[in-house]
Number of protein chains: 2
Amino acid sequence: MQMSIDKSSEFTQAEQDLAAFAKAIGHPARIAILKILATKNACICGEIVNVLPLAQATVSQHLKALKEVGLIQGAIDGPKSCYCINWVTFNNFKTQFNTVFSGIENSNNTCCQ
Amino acid sequence: MQMSIDKSSEFTQAEQDLAAFAKAIGHPARIAILKILATKNACICGEIVNVLPLAQATVSQHLKALKEVGLIQGAIDGPKSCYCINWVTFNNFKTQFNTVFSGIENSNNTCCQ
DNA sequence: ATATTTTATCGTAAAAATACGATTAAAAAA
DNA sequence: TTTTTTAATCGTATTTTTACGATAAAATAT
């Protein structure tokens, strides 16, 4: 008996992309990281580790997740690592989101009450 | 040796709430469901099951996830279930998102390249 | 009254995510 | 040159998510 095979590829690329972005920001630690980067413009990894209630390895893992979907980018600065938000990707996500859900939201929706 | 205890409560309520919303839409099936509901206003569960490449039990599970964060609401309609988007919650999510990430995105960000 | 339709829930298997200590690698400081 | 600092990666334990068959519950249809 086989179970739990990934069905993601059965959906459209747009649906997969949007879901991937949403998933990436779907953890409080990653929200916190993005908030820090949004206010500080650029930030050394160590500063993020100091602020978050997580181990260095875990923060690195979260940074990697954000980097993989392109929401942040990093550059090596000596022995340190500097991160910042990639606003192009970020705004692209916003646009995709608003496009997909620009349905009938202005209708007086009184269904399913 | 204990590991992997949930650290979510160490973050702010706003961070947790926003992450919960993002997590809820962080799967292509749930994006697809929201898209259907956004265009159809209201929709019977069975129609969603027919359109998605997933088993009925799995779709029900995804619907439950969306309902739990308040993004959709459902009403029993005879033996059927009618679902629709809760636009109040939905727009609240949009607002929260835009508030948190209204940082310095207009700056000419050339860091971390 | 019985059968059918519809959907939620239960049980469970498999996969992915979360978390951290330990280690590695690479630059800087001593 | 050796030590220290910084951060990525590895290994691994635990938890959560994803997926589905089977069952239950509740209304409709026969």
# chains A, B, ... in the order shown; residues from 1 in each chain; ligands from 1

call {"tool": "select_by_dssp", "arguments": {"residues": "region 55-102 of chain B", "states": "helix (DSSP H, G or I)", "output": "ChimeraX atom specification"}}
result
/B:56-68,87-100

call {"tool": "interface_residues", "arguments": {"of": "chain A", "to": "chain D", "cutoff": "10 Å", "atoms": "only C-alpha atoms (C1' of nucleotides)", "output": "JSON, numbers by chain"}}
result
{"A": [2, 3, 4, 5, 6, 7, 45, 46, 56, 57, 60, 61, 64, 76, 78, 79, 80, 81]}

call {"tool": "interface_residues", "arguments": {"of": "chain C", "to": "chain B", "cutoff": "8 Å", "atoms": "only C-alpha atoms (C1' of nucleotides)", "output": "PyMOL selection string"}}
result
chain C and resi 5-8+18-20

call {"tool": "interface_residues", "arguments": {"of": "chain B", "to": "chain A", "cutoff": "8 Å", "atoms": "only C-alpha atoms", "output": "PyMOL selection string"}}
result
chain B and resi 7-8+10-11+15-16+18-29+31-32+34-35+38-39+41-42+53-54+73-76+82-84+87+100-105+109+111-113

call {"tool": "calpha_fit_and_write", "arguments": {"fixed": "chain A", "moving": "chain B", "output": "mmCIF file with N, CA and C atoms, in the first residue's frame"}}
result
data_model
loop_
_atom_site.group_PDB
_atom_site.id
_atom_site.type_symbol
_atom_site.label_atom_id
_atom_site.label_comp_id
_atom_site.auth_asym_id
_atom_site.auth_seq_id
_atom_site.Cartn_x
_atom_site.Cartn_y
_atom_site.Cartn_z
ATOM 1 N N MET B 1 0.974 -1.251 0.149
ATOM 2 C CA MET B 1 0.119 -0.044 0.160
ATOM 3 C C MET B 1 0.979 1.234 0.132
ATOM 4 N N GLN B 2 0.822 2.060 -0.879
ATOM 5 C CA GLN B 2 1.575 3.312 -0.937
ATOM 6 C C GLN B 2 0.646 4.483 -0.674
ATOM 7 N N MET B 3 1.226 5.478 -0.065
ATOM 8 C CA MET B 3 0.408 6.604 0.362
ATOM 9 C C MET B 3 1.225 7.880 0.374
ATOM 10 N N SER B 4 0.520 8.984 0.440
ATOM 11 C CA SER B 4 1.175 10.269 0.671
ATOM 12 C C SER B 4 2.233 10.632 -0.372
ATOM 13 N N ILE B 5 2.005 10.251 -1.635
ATOM 14 C CA ILE B 5 2.880 10.750 -2.698
ATOM 15 C C ILE B 5 2.492 12.185 -2.990
ATOM 16 N N ASP B 6 3.484 12.991 -3.331
ATOM 17 C CA ASP B 6 3.260 14.422 -3.509
ATOM 18 C C ASP B 6 2.440 14.714 -4.759
ATOM 19 N N LYS B 7 1.345 15.431 -4.587
ATOM 20 C CA LYS B 7 0.455 15.741 -5.696
ATOM 21 C C LYS B 7 0.641 17.174 -6.208
ATOM 22 N N SER B 8 1.659 17.843 -5.723
ATOM 23 C CA SER B 8 1.862 19.248 -6.080
ATOM 24 C C SER B 8 1.930 19.459 -7.583
ATOM 25 N N SER B 9 2.569 18.522 -8.281
ATOM 26 C CA SER B 9 2.766 18.696 -9.726
ATOM 27 C C SER B 9 1.459 18.604 -10.507
ATOM 28 N N GLU B 10 0.406 18.198 -9.846
ATOM 29 C CA GLU B 10 -0.896 18.119 -10.502
ATOM 30 C C GLU B 10 -1.554 19.495 -10.603
ATOM 31 N N PHE B 11 -0.981 20.462 -9.930
ATOM 32 C CA PHE B 11 -1.551 21.815 -9.953
ATOM 33 C C PHE B 11 -0.773 22.704 -10.920
ATOM 34 N N THR B 12 -1.328 23.864 -11.237
ATOM 35 C CA THR B 12 -0.677 24.760 -12.192
ATOM 36 C C THR B 12 0.611 25.318 -11.599
ATOM 37 N N GLN B 13 1.488 25.773 -12.482
ATOM 38 C CA GLN B 13 2.752 26.326 -12.032
ATOM 39 C C GLN B 13 2.507 27.558 -11.162
ATOM 40 N N ALA B 14 1.532 28.365 -11.560
ATOM 41 C CA ALA B 14 1.197 29.572 -10.795
ATOM 42 C C ALA B 14 0.750 29.213 -9.386
ATOM 43 N N GLU B 15 -0.048 28.164 -9.284
ATOM 44 C CA GLU B 15 -0.522 27.721 -7.974
ATOM 45 C C GLU B 15 0.642 27.210 -7.127
ATOM 46 N N GLN B 16 1.529 26.479 -7.761
ATOM 47 C CA GLN B 16 2.690 25.950 -7.044
ATOM 48 C C GLN B 16 3.618 27.073 -6.588
ATOM 49 N N ASP B 17 3.847 28.044 -7.462
ATOM 50 C CA ASP B 17 4.742 29.159 -7.142
ATOM 51 C C ASP B 17 4.204 29.977 -5.973
ATOM 52 N N LEU B 18 2.910 30.325 -6.078
ATOM 53 C CA LEU B 18 2.297 31.136 -5.032
ATOM 54 C C LEU B 18 2.302 30.390 -3.704
ATOM 55 N N ALA B 19 2.013 29.095 -3.765
ATOM 56 C CA ALA B 19 2.022 28.276 -2.551
ATOM 57 C C ALA B 19 3.418 28.214 -1.942
ATOM 58 N N ALA B 20 4.435 28.128 -2.792
ATOM 59 C CA ALA B 20 5.822 28.066 -2.314
ATOM 60 C C ALA B 20 6.207 29.345 -1.572
ATOM 61 N N PHE B 21 5.801 30.486 -2.109
ATOM 62 C CA PHE B 21 6.050 31.767 -1.446
ATOM 63 C C PHE B 21 5.355 31.817 -0.097
ATOM 64 N N ALA B 22 4.068 31.459 -0.122
ATOM 65 C CA ALA B 22 3.270 31.504 1.104
ATOM 66 C C ALA B 22 3.843 30.572 2.165
ATOM 67 N N LYS B 23 4.258 29.404 1.715
ATOM 68 C CA LYS B 23 4.852 28.430 2.630
ATOM 69 C C LYS B 23 6.122 29.005 3.257
ATOM 70 N N ALA B 24 6.890 29.701 2.442
ATOM 71 C CA ALA B 24 8.153 30.275 2.923
ATOM 72 C C ALA B 24 7.928 31.282 4.043
ATOM 73 N N ILE B 25 6.851 32.048 3.962
ATOM 74 C CA ILE B 25 6.595 33.014 5.029
ATOM 75 C C ILE B 25 5.663 32.426 6.091
ATOM 76 N N GLY B 26 5.343 31.150 5.960
ATOM 77 C CA GLY B 26 4.416 30.498 6.876
ATOM 78 C C GLY B 26 5.027 29.968 8.155
ATOM 79 N N HIS B 27 5.960 30.687 8.716
ATOM 80 C CA HIS B 27 6.529 30.329 10.014
ATOM 81 C C HIS B 27 6.932 31.614 10.736
ATOM 82 N N PRO B 28 6.546 31.733 12.016
ATOM 83 C CA PRO B 28 6.813 32.982 12.751
ATOM 84 C C PRO B 28 8.276 33.410 12.720
ATOM 85 N N ALA B 29 9.192 32.453 12.738
ATOM 86 C CA ALA B 29 10.621 32.803 12.701
ATOM 87 C C ALA B 29 10.973 33.484 11.384
ATOM 88 N N ARG B 30 10.393 32.998 10.305
ATOM 89 C CA ARG B 30 10.716 33.578 8.995
ATOM 90 C C ARG B 30 10.020 34.917 8.808
ATOM 91 N N ILE B 31 8.840 35.070 9.407
ATOM 92 C CA ILE B 31 8.186 36.382 9.425
ATOM 93 C C ILE B 31 9.086 37.354 10.179
ATOM 94 N N ALA B 32 9.577 36.932 11.327
ATOM 95 C CA ALA B 32 10.439 37.781 12.164
ATOM 96 C C ALA B 32 11.706 38.175 11.415
ATOM 97 N N ILE B 33 12.292 37.229 10.718
ATOM 98 C CA ILE B 33 13.501 37.506 9.936
ATOM 99 C C ILE B 33 13.209 38.559 8.867
ATOM 100 N N LEU B 34 12.113 38.376 8.155
ATOM 101 C CA LEU B 34 11.754 39.326 7.093
ATOM 102 C C LEU B 34 11.487 40.713 7.664
ATOM 103 N N LYS B 35 10.863 40.748 8.840
ATOM 104 C CA LYS B 35 10.602 42.036 9.496
ATOM 105 C C LYS B 35 11.910 42.750 9.819
ATOM 106 N N ILE B 36 12.857 42.008 10.354
ATOM 107 C CA ILE B 36 14.166 42.584 10.682
ATOM 108 C C ILE B 36 14.820 43.141 9.428
ATOM 109 N N LEU B 37 14.817 42.333 8.375
ATOM 110 C CA LEU B 37 15.460 42.755 7.128
ATOM 111 C C LEU B 37 14.728 43.931 6.484
ATOM 112 N N ALA B 38 13.414 43.978 6.668
ATOM 113 C CA ALA B 38 12.629 45.064 6.071
ATOM 114 C C ALA B 38 12.936 46.405 6.729
ATOM 115 N N THR B 39 13.252 46.369 8.021
ATOM 116 C CA THR B 39 13.509 47.622 8.730
ATOM 117 C C THR B 39 14.985 48.003 8.716
ATOM 118 N N LYS B 40 15.854 46.988 8.599
ATOM 119 C CA LYS B 40 17.288 47.256 8.681
ATOM 120 C C LYS B 40 17.964 47.331 7.316
ATOM 121 N N ASN B 41 17.196 47.059 6.269
ATOM 122 C CA ASN B 41 17.731 47.023 4.903
ATOM 123 C C ASN B 41 18.672 45.843 4.704
ATOM 124 N N ALA B 42 19.809 45.885 5.368
ATOM 125 C CA ALA B 42 20.716 44.741 5.313
ATOM 126 C C ALA B 42 21.072 44.345 6.733
ATOM 127 N N CYS B 43 21.344 43.074 6.900
ATOM 128 C CA CYS B 43 21.611 42.591 8.257
ATOM 129 C C CYS B 43 22.541 41.389 8.249
ATOM 130 N N ILE B 44 23.477 41.425 9.202
ATOM 131 C CA ILE B 44 24.404 40.324 9.380
ATOM 132 C C ILE B 44 23.684 39.164 10.072
ATOM 133 N N CYS B 45 23.951 37.981 9.612
ATOM 134 C CA CYS B 45 23.324 36.764 10.139
ATOM 135 C C CYS B 45 23.358 36.713 11.665
ATOM 136 N N GLY B 46 24.514 37.016 12.229
ATOM 137 C CA GLY B 46 24.691 36.960 13.673
ATOM 138 C C GLY B 46 23.710 37.804 14.460
ATOM 139 N N GLU B 47 23.362 38.967 13.911
ATOM 140 C CA GLU B 47 22.400 39.848 14.583
ATOM 141 C C GLU B 47 21.037 39.182 14.665
ATOM 142 N N ILE B 48 20.687 38.489 13.590
ATOM 143 C CA ILE B 48 19.407 37.786 13.555
ATOM 144 C C ILE B 48 19.410 36.668 14.585
ATOM 145 N N VAL B 49 20.503 35.926 14.636
ATOM 146 C CA VAL B 49 20.631 34.828 15.600
ATOM 147 C C VAL B 49 20.488 35.357 17.032
ATOM 148 N N ASN B 50 21.086 36.523 17.297
ATOM 149 C CA ASN B 50 21.030 37.101 18.645
ATOM 150 C C ASN B 50 19.620 37.493 19.064
ATOM 151 N N VAL B 51 18.828 37.912 18.090
ATOM 152 C CA VAL B 51 17.483 38.411 18.382
ATOM 153 C C VAL B 51 16.454 37.288 18.477
ATOM 154 N N LEU B 52 16.615 36.259 17.675
ATOM 155 C CA LEU B 52 15.620 35.181 17.654
ATOM 156 C C LEU B 52 15.871 34.152 18.766
ATOM 157 N N PRO B 53 14.802 33.522 19.255
ATOM 158 C CA PRO B 53 14.927 32.516 20.317
ATOM 159 C C PRO B 53 15.221 31.132 19.756
ATOM 160 N N LEU B 54 16.154 31.093 18.814
ATOM 161 C CA LEU B 54 16.458 29.834 18.149
ATOM 162 C C LEU B 54 17.962 29.653 18.044
ATOM 163 N N ALA B 55 18.391 28.413 17.914
ATOM 164 C CA ALA B 55 19.808 28.105 17.762
ATOM 165 C C ALA B 55 20.325 28.580 16.406
ATOM 166 N N GLN B 56 21.626 28.794 16.349
ATOM 167 C CA GLN B 56 22.246 29.301 15.123
ATOM 168 C C GLN B 56 21.944 28.407 13.918
ATOM 169 N N ALA B 57 22.008 27.124 14.109
ATOM 170 C CA ALA B 57 21.761 26.181 13.015
ATOM 171 C C ALA B 57 20.338 26.298 12.492
ATOM 172 N N THR B 58 19.408 26.530 13.409
ATOM 173 C CA THR B 58 17.999 26.644 13.021
ATOM 174 C C THR B 58 17.755 27.928 12.237
ATOM 175 N N VAL B 59 18.350 29.020 12.685
ATOM 176 C CA VAL B 59 18.210 30.291 11.982
ATOM 177 C C VAL B 59 18.780 30.175 10.566
ATOM 178 N N SER B 60 19.927 29.540 10.457
ATOM 179 C CA SER B 60 20.559 29.317 9.155
ATOM 180 C C SER B 60 19.617 28.544 8.228
ATOM 181 N N GLN B 61 18.937 27.593 8.809
ATOM 182 C CA GLN B 61 17.993 26.769 8.056
ATOM 183 C C GLN B 61 16.822 27.613 7.541
ATOM 184 N N HIS B 62 16.307 28.490 8.396
ATOM 185 C CA HIS B 62 15.199 29.370 7.998
ATOM 186 C C HIS B 62 15.649 30.362 6.931
ATOM 187 N N LEU B 63 16.874 30.876 7.089
ATOM 188 C CA LEU B 63 17.423 31.794 6.090
ATOM 189 C C LEU B 63 17.527 31.097 4.736
ATOM 190 N N LYS B 64 17.933 29.855 4.771
ATOM 191 C CA LYS B 64 18.063 29.070 3.540
ATOM 192 C C LYS B 64 16.710 28.903 2.847
ATOM 193 N N ALA B 65 15.685 28.663 3.651
ATOM 194 C CA ALA B 65 14.332 28.483 3.111
ATOM 195 C C ALA B 65 13.857 29.749 2.400
ATOM 196 N N LEU B 66 14.131 30.895 3.016
ATOM 197 C CA LEU B 66 13.738 32.171 2.416
ATOM 198 C C LEU B 66 14.547 32.462 1.161
ATOM 199 N N LYS B 67 15.810 32.054 1.197
ATOM 200 C CA LYS B 67 16.704 32.280 0.056
ATOM 201 C C LYS B 67 16.281 31.412 -1.127
ATOM 202 N N GLU B 68 15.847 30.191 -0.821
ATOM 203 C CA GLU B 68 15.493 29.250 -1.889
ATOM 204 C C GLU B 68 14.299 29.707 -2.726
ATOM 205 N N VAL B 69 13.373 30.420 -2.118
ATOM 206 C CA VAL B 69 12.255 30.940 -2.912
ATOM 207 C C VAL B 69 12.562 32.346 -3.424
ATOM 208 N N GLY B 70 13.746 32.836 -3.127
ATOM 209 C CA GLY B 70 14.194 34.112 -3.678
ATOM 210 C C GLY B 70 13.724 35.347 -2.938
ATOM 211 N N LEU B 71 13.109 35.157 -1.766
ATOM 212 C CA LEU B 71 12.604 36.303 -1.021
ATOM 213 C C LEU B 71 13.725 37.113 -0.376
ATOM 214 N N ILE B 72 14.848 36.458 -0.096
ATOM 215 C CA ILE B 72 16.014 37.180 0.405
ATOM 216 C C ILE B 72 17.245 36.772 -0.395
ATOM 217 N N GLN B 73 18.283 37.574 -0.272
ATOM 218 C CA GLN B 73 19.547 37.206 -0.882
ATOM 219 C C GLN B 73 20.660 37.458 0.123
ATOM 220 N N GLY B 74 21.750 36.744 -0.031
ATOM 221 C CA GLY B 74 22.842 36.867 0.917
ATOM 222 C C GLY B 74 24.161 37.047 0.215
ATOM 223 N N ALA B 75 25.076 37.697 0.904
ATOM 224 C CA ALA B 75 26.422 37.870 0.379
ATOM 225 C C ALA B 75 27.417 37.636 1.498
ATOM 226 N N ILE B 76 28.513 36.998 1.153
ATOM 227 C CA ILE B 76 29.554 36.744 2.139
ATOM 228 C C ILE B 76 30.338 38.021 2.370
ATOM 229 N N ASP B 77 30.528 38.339 3.646
ATOM 230 C CA ASP B 77 31.217 39.574 4.028
ATOM 231 C C ASP B 77 32.280 39.189 5.062
ATOM 232 N N GLY B 78 33.430 38.786 4.560
ATOM 233 C CA GLY B 78 34.463 38.264 5.438
ATOM 234 C C GLY B 78 34.000 36.933 5.980
ATOM 235 N N PRO B 79 34.126 36.718 7.271
ATOM 236 C CA PRO B 79 33.634 35.477 7.847
ATOM 237 C C PRO B 79 32.129 35.551 8.114
ATOM 238 N N LYS B 80 31.542 36.732 7.906
ATOM 239 C CA LYS B 80 30.123 36.937 8.184
ATOM 240 C C LYS B 80 29.279 36.807 6.923
ATOM 241 N N SER B 81 27.951 36.765 7.122
ATOM 242 C CA SER B 81 27.023 36.699 5.998
ATOM 243 C C SER B 81 26.018 37.831 6.118
ATOM 244 N N CYS B 82 25.894 38.593 5.054
ATOM 245 C CA CYS B 82 24.954 39.708 5.028
ATOM 246 C C CYS B 82 23.724 39.331 4.213
ATOM 247 N N TYR B 83 22.547 39.583 4.788
ATOM 248 C CA TYR B 83 21.299 39.240 4.103
ATOM 249 C C TYR B 83 20.430 40.472 3.893
ATOM 250 N N CYS B 84 19.630 40.440 2.859
ATOM 251 C CA CYS B 84 18.626 41.489 2.650
ATOM 252 C C CYS B 84 17.469 40.943 1.836
ATOM 253 N N ILE B 85 16.361 41.665 1.885
ATOM 254 C CA ILE B 85 15.183 41.250 1.135
ATOM 255 C C ILE B 85 15.378 41.542 -0.345
ATOM 256 N N ASN B 86 14.954 40.621 -1.181
ATOM 257 C CA ASN B 86 14.904 40.856 -2.614
ATOM 258 C C ASN B 86 13.505 41.393 -2.922
ATOM 259 N N TRP B 87 13.427 42.709 -3.025
ATOM 260 C CA TRP B 87 12.100 43.340 -3.172
ATOM 261 C C TRP B 87 11.430 43.017 -4.489
ATOM 262 N N VAL B 88 12.224 42.698 -5.497
ATOM 263 C CA VAL B 88 11.643 42.326 -6.798
ATOM 264 C C VAL B 88 10.796 41.067 -6.622
ATOM 265 N N THR B 89 11.396 40.043 -6.021
ATOM 266 C CA THR B 89 10.671 38.804 -5.768
ATOM 267 C C THR B 89 9.501 39.047 -4.821
ATOM 268 N N PHE B 90 9.779 39.856 -3.815
ATOM 269 C CA PHE B 90 8.768 40.141 -2.796
ATOM 270 C C PHE B 90 7.525 40.788 -3.412
ATOM 271 N N ASN B 91 7.753 41.797 -4.250
ATOM 272 C CA ASN B 91 6.624 42.492 -4.878
ATOM 273 C C ASN B 91 5.947 41.620 -5.931
ATOM 274 N N ASN B 92 6.741 40.753 -6.526
ATOM 275 C CA ASN B 92 6.177 39.798 -7.480
ATOM 276 C C ASN B 92 5.185 38.884 -6.776
ATOM 277 N N PHE B 93 5.542 38.472 -5.581
ATOM 278 C CA PHE B 93 4.650 37.652 -4.762
ATOM 279 C C PHE B 93 3.363 38.411 -4.456
ATOM 280 N N LYS B 94 3.515 39.657 -4.015
ATOM 281 C CA LYS B 94 2.349 40.500 -3.727
ATOM 282 C C LYS B 94 1.421 40.587 -4.932
ATOM 283 N N THR B 95 2.020 40.829 -6.106
ATOM 284 C CA THR B 95 1.236 40.986 -7.337
ATOM 285 C C THR B 95 0.500 39.696 -7.679
ATOM 286 N N GLN B 96 1.239 38.586 -7.623
ATOM 287 C CA GLN B 96 0.637 37.278 -7.899
ATOM 288 C C GLN B 96 -0.550 37.030 -6.985
ATOM 289 N N PHE B 97 -0.312 37.301 -5.719
ATOM 290 C CA PHE B 97 -1.351 37.094 -4.711
ATOM 291 C C PHE B 97 -2.602 37.916 -5.013
ATOM 292 N N ASN B 98 -2.381 39.204 -5.283
ATOM 293 C CA ASN B 98 -3.521 40.075 -5.543
ATOM 294 C C ASN B 98 -4.233 39.731 -6.843
ATOM 295 N N THR B 99 -3.471 39.243 -7.819
ATOM 296 C CA THR B 99 -4.066 38.854 -9.095
ATOM 297 C C THR B 99 -4.973 37.646 -8.921
ATOM 298 N N VAL B 100 -4.459 36.647 -8.234
ATOM 299 C CA VAL B 100 -5.217 35.413 -8.054
ATOM 300 C C VAL B 100 -6.489 35.658 -7.250
ATOM 301 N N PHE B 101 -6.382 36.501 -6.246
ATOM 302 C CA PHE B 101 -7.537 36.703 -5.370
ATOM 303 C C PHE B 101 -8.210 38.056 -5.565
ATOM 304 N N SER B 102 -8.333 38.458 -6.824
ATOM 305 C CA SER B 102 -9.073 39.671 -7.141
ATOM 306 C C SER B 102 -10.431 39.267 -7.691
ATOM 307 N N GLY B 103 -11.080 38.393 -6.959
ATOM 308 C CA GLY B 103 -12.343 37.821 -7.399
ATOM 309 C C GLY B 103 -13.524 38.744 -7.182
ATOM 310 N N ILE B 104 -14.489 38.242 -6.474
ATOM 311 C CA ILE B 104 -15.732 38.985 -6.285
ATOM 312 C C ILE B 104 -15.808 39.546 -4.873
ATOM 313 N N GLU B 105 -14.637 39.943 -4.383
ATOM 314 C CA GLU B 105 -14.550 40.301 -2.975
ATOM 315 C C GLU B 105 -15.391 41.525 -2.596
ATOM 316 N N ASN B 106 -15.864 42.281 -3.613
ATOM 317 C CA ASN B 106 -16.669 43.445 -3.279
ATOM 318 C C ASN B 106 -18.159 43.120 -3.203
ATOM 319 N N SER B 107 -18.500 41.913 -3.625
ATOM 320 C CA SER B 107 -19.897 41.519 -3.554
ATOM 321 C C SER B 107 -20.321 41.390 -2.092
ATOM 322 N N ASN B 108 -21.572 41.656 -1.859
ATOM 323 C CA ASN B 108 -22.085 41.488 -0.500
ATOM 324 C C ASN B 108 -22.259 40.007 -0.199
ATOM 325 N N ASN B 109 -21.190 39.441 0.274
ATOM 326 C CA ASN B 109 -21.160 38.009 0.461
ATOM 327 C C ASN B 109 -21.855 37.590 1.762
ATOM 328 N N THR B 110 -23.039 37.092 1.621
ATOM 329 C CA THR B 110 -23.766 36.640 2.809
ATOM 330 C C THR B 110 -24.042 35.132 2.739
ATOM 331 N N CYS B 111 -23.239 34.445 1.930
ATOM 332 C CA CYS B 111 -23.430 33.000 1.800
ATOM 333 C C CYS B 111 -22.761 32.260 2.947
ATOM 334 N N CYS B 112 -23.136 31.017 3.107
ATOM 335 C CA CYS B 112 -22.471 30.095 4.037
ATOM 336 C C CYS B 112 -22.412 30.610 5.471
ATOM 337 N N GLN B 113 -23.465 31.269 5.895
ATOM 338 C CA GLN B 113 -23.463 31.799 7.271
ATOM 339 C C GLN B 113 -24.187 30.816 8.194
#

call {"tool": "decode", "arguments": {"residues": "region 6-23 of chain C", "atoms": "N, CA and C atoms (P, O5', C5', C4', C3', O3' and C1' of nucleotides)", "output": "short mmCIF file (atom, residue, chain, number, x, y, z; two decimals), in the first residue's frame"}}
result
data_model
loop_
_atom_site.label_atom_id
_atom_site.label_comp_id
_atom_site.auth_asym_id
_atom_site.auth_seq_id
_atom_site.Cartn_x
_atom_site.Cartn_y
_atom_site.Cartn_z
P DT C 6 -24.29 13.27 -4.59
"O5'" DT C 6 -23.69 13.80 -3.21
"C5'" DT C 6 -24.48 14.62 -2.38
"C4'" DT C 6 -23.79 14.83 -1.05
"C3'" DT C 6 -22.31 15.20 -1.16
"O3'" DT C 6 -22.14 16.50 -0.66
"C1'" DT C 6 -22.69 13.57 0.53
P DT C 7 -20.81 17.30 -0.79
"O5'" DT C 7 -20.15 16.99 0.62
"C5'" DT C 7 -20.80 17.48 1.80
"C4'" DT C 7 -20.16 16.89 3.03
"C3'" DT C 7 -18.65 17.14 3.17
"O3'" DT C 7 -18.40 17.52 4.50
"C1'" DT C 7 -19.12 14.90 3.52
P DA C 8 -17.24 18.52 4.82
"O5'" DA C 8 -16.94 18.12 6.33
"C5'" DA C 8 -18.03 17.99 7.24
"C4'" DA C 8 -17.73 16.87 8.23
"C3'" DA C 8 -16.34 16.94 8.85
"O3'" DA C 8 -16.47 16.95 10.27
"C1'" DA C 8 -16.76 14.77 7.97
P DT C 9 -15.23 17.19 11.15
"O5'" DT C 9 -14.79 15.72 11.53
"C5'" DT C 9 -15.75 14.81 12.05
"C4'" DT C 9 -15.15 13.42 12.16
"C3'" DT C 9 -13.73 13.40 12.76
"O3'" DT C 9 -13.74 12.48 13.85
"C1'" DT C 9 -13.83 12.11 10.79
P DC C 10 -12.48 12.29 14.75
"O5'" DC C 10 -11.99 10.82 14.36
"C5'" DC C 10 -12.95 9.75 14.31
"C4'" DC C 10 -12.25 8.46 13.91
"C3'" DC C 10 -10.86 8.30 14.50
"O3'" DC C 10 -10.70 6.97 14.98
"C1'" DC C 10 -10.75 8.16 12.13
P DG C 11 -9.47 6.59 15.85
"O5'" DG C 11 -8.55 5.78 14.82
"C5'" DG C 11 -9.14 4.77 13.99
"C4'" DG C 11 -8.12 4.27 12.99
"C3'" DG C 11 -6.69 4.23 13.53
"O3'" DG C 11 -6.11 2.97 13.16
"C1'" DG C 11 -6.76 5.50 11.53
P DT C 12 -4.67 2.58 13.69
"O5'" DT C 12 -3.77 2.95 12.43
"C5'" DT C 12 -4.18 2.53 11.14
"C4'" DT C 12 -3.28 3.12 10.08
"C3'" DT C 12 -1.80 3.22 10.48
"O3'" DT C 12 -1.03 2.73 9.42
"C1'" DT C 12 -2.53 5.24 9.57
P DA C 13 0.34 2.01 9.67
"O5'" DA C 13 1.14 2.34 8.34
"C5'" DA C 13 0.51 2.13 7.08
"C4'" DA C 13 1.05 3.14 6.10
"C3'" DA C 13 2.56 3.30 6.15
"O3'" DA C 13 3.06 3.17 4.83
"C1'" DA C 13 1.50 5.42 6.33
P DA C 14 4.62 3.11 4.56
"O5'" DA C 14 4.93 4.58 4.07
"C5'" DA C 14 4.22 5.07 2.94
"C4'" DA C 14 4.52 6.54 2.79
"C3'" DA C 14 6.00 6.87 2.79
"O3'" DA C 14 6.26 7.59 1.61
"C1'" DA C 14 4.83 8.28 4.30
P DA C 15 7.73 8.05 1.20
"O5'" DA C 15 7.70 9.62 1.46
"C5'" DA C 15 6.62 10.37 0.94
"C4'" DA C 15 6.63 11.73 1.57
"C3'" DA C 15 7.99 12.43 1.52
"O3'" DA C 15 7.78 13.66 0.86
"C1'" DA C 15 7.05 12.56 3.70
P DA C 16 8.97 14.65 0.49
"O5'" DA C 16 8.77 15.79 1.58
"C5'" DA C 16 7.49 16.41 1.71
"C4'" DA C 16 7.50 17.33 2.91
"C3'" DA C 16 8.70 18.27 2.98
"O3'" DA C 16 8.20 19.58 3.15
"C1'" DA C 16 8.41 17.12 5.04
P DA C 17 9.15 20.84 3.33
"O5'" DA C 17 9.02 21.08 4.91
"C5'" DA C 17 7.73 21.22 5.48
"C4'" DA C 17 7.85 21.46 6.98
"C3'" DA C 17 8.83 22.57 7.36
"O3'" DA C 17 8.20 23.32 8.38
"C1'" DA C 17 9.40 20.55 8.46
P DT C 18 8.85 24.65 8.94
"O5'" DT C 18 9.50 24.14 10.30
"C5'" DT C 18 8.66 23.71 11.34
"C4'" DT C 18 9.51 23.19 12.48
"C3'" DT C 18 10.58 24.16 12.98
"O3'" DT C 18 10.32 24.45 14.34
"C1'" DT C 18 11.43 21.95 12.75
P DA C 19 11.06 25.65 15.06
"O5'" DA C 19 12.31 24.94 15.71
"C5'" DA C 19 12.09 24.02 16.78
"C4'" DA C 19 13.37 23.27 17.06
"C3'" DA C 19 14.61 24.14 17.19
"O3'" DA C 19 14.97 24.27 18.55
"C1'" DA C 19 15.02 22.09 16.00
P DC C 20 16.17 25.20 18.98
"O5'" DC C 20 17.35 24.14 19.05
"C5'" DC C 20 17.22 23.01 19.89
"C4'" DC C 20 18.41 22.09 19.65
"C3'" DC C 20 19.74 22.83 19.74
"O3'" DC C 20 20.61 22.14 20.61
"C1'" DC C 20 19.62 21.53 17.77
P DG C 21 21.76 22.92 21.31
"O5'" DG C 21 22.90 21.79 21.27
"C5'" DG C 21 22.57 20.44 21.62
"C4'" DG C 21 23.53 19.48 20.94
"C3'" DG C 21 25.00 19.88 21.06
"O3'" DG C 21 25.79 18.71 21.27
"C1'" DG C 21 24.40 19.74 18.78
P DA C 22 27.33 18.82 21.47
"O5'" DA C 22 27.88 18.48 20.00
"C5'" DA C 22 27.48 17.27 19.38
"C4'" DA C 22 28.19 17.12 18.04
"C3'" DA C 22 29.67 17.55 18.06
"O3'" DA C 22 30.43 16.57 17.35
"C1'" DA C 22 28.49 18.76 16.39
P DT C 23 31.99 16.72 17.22
"O5'" DT C 23 32.16 17.20 15.71
"C5'" DT C 23 31.42 16.54 14.68
"C4'" DT C 23 31.53 17.31 13.39
"C3'" DT C 23 32.94 17.77 13.05
"O3'" DT C 23 33.29 17.25 11.77
"C1'" DT C 23 31.38 19.52 12.74
#
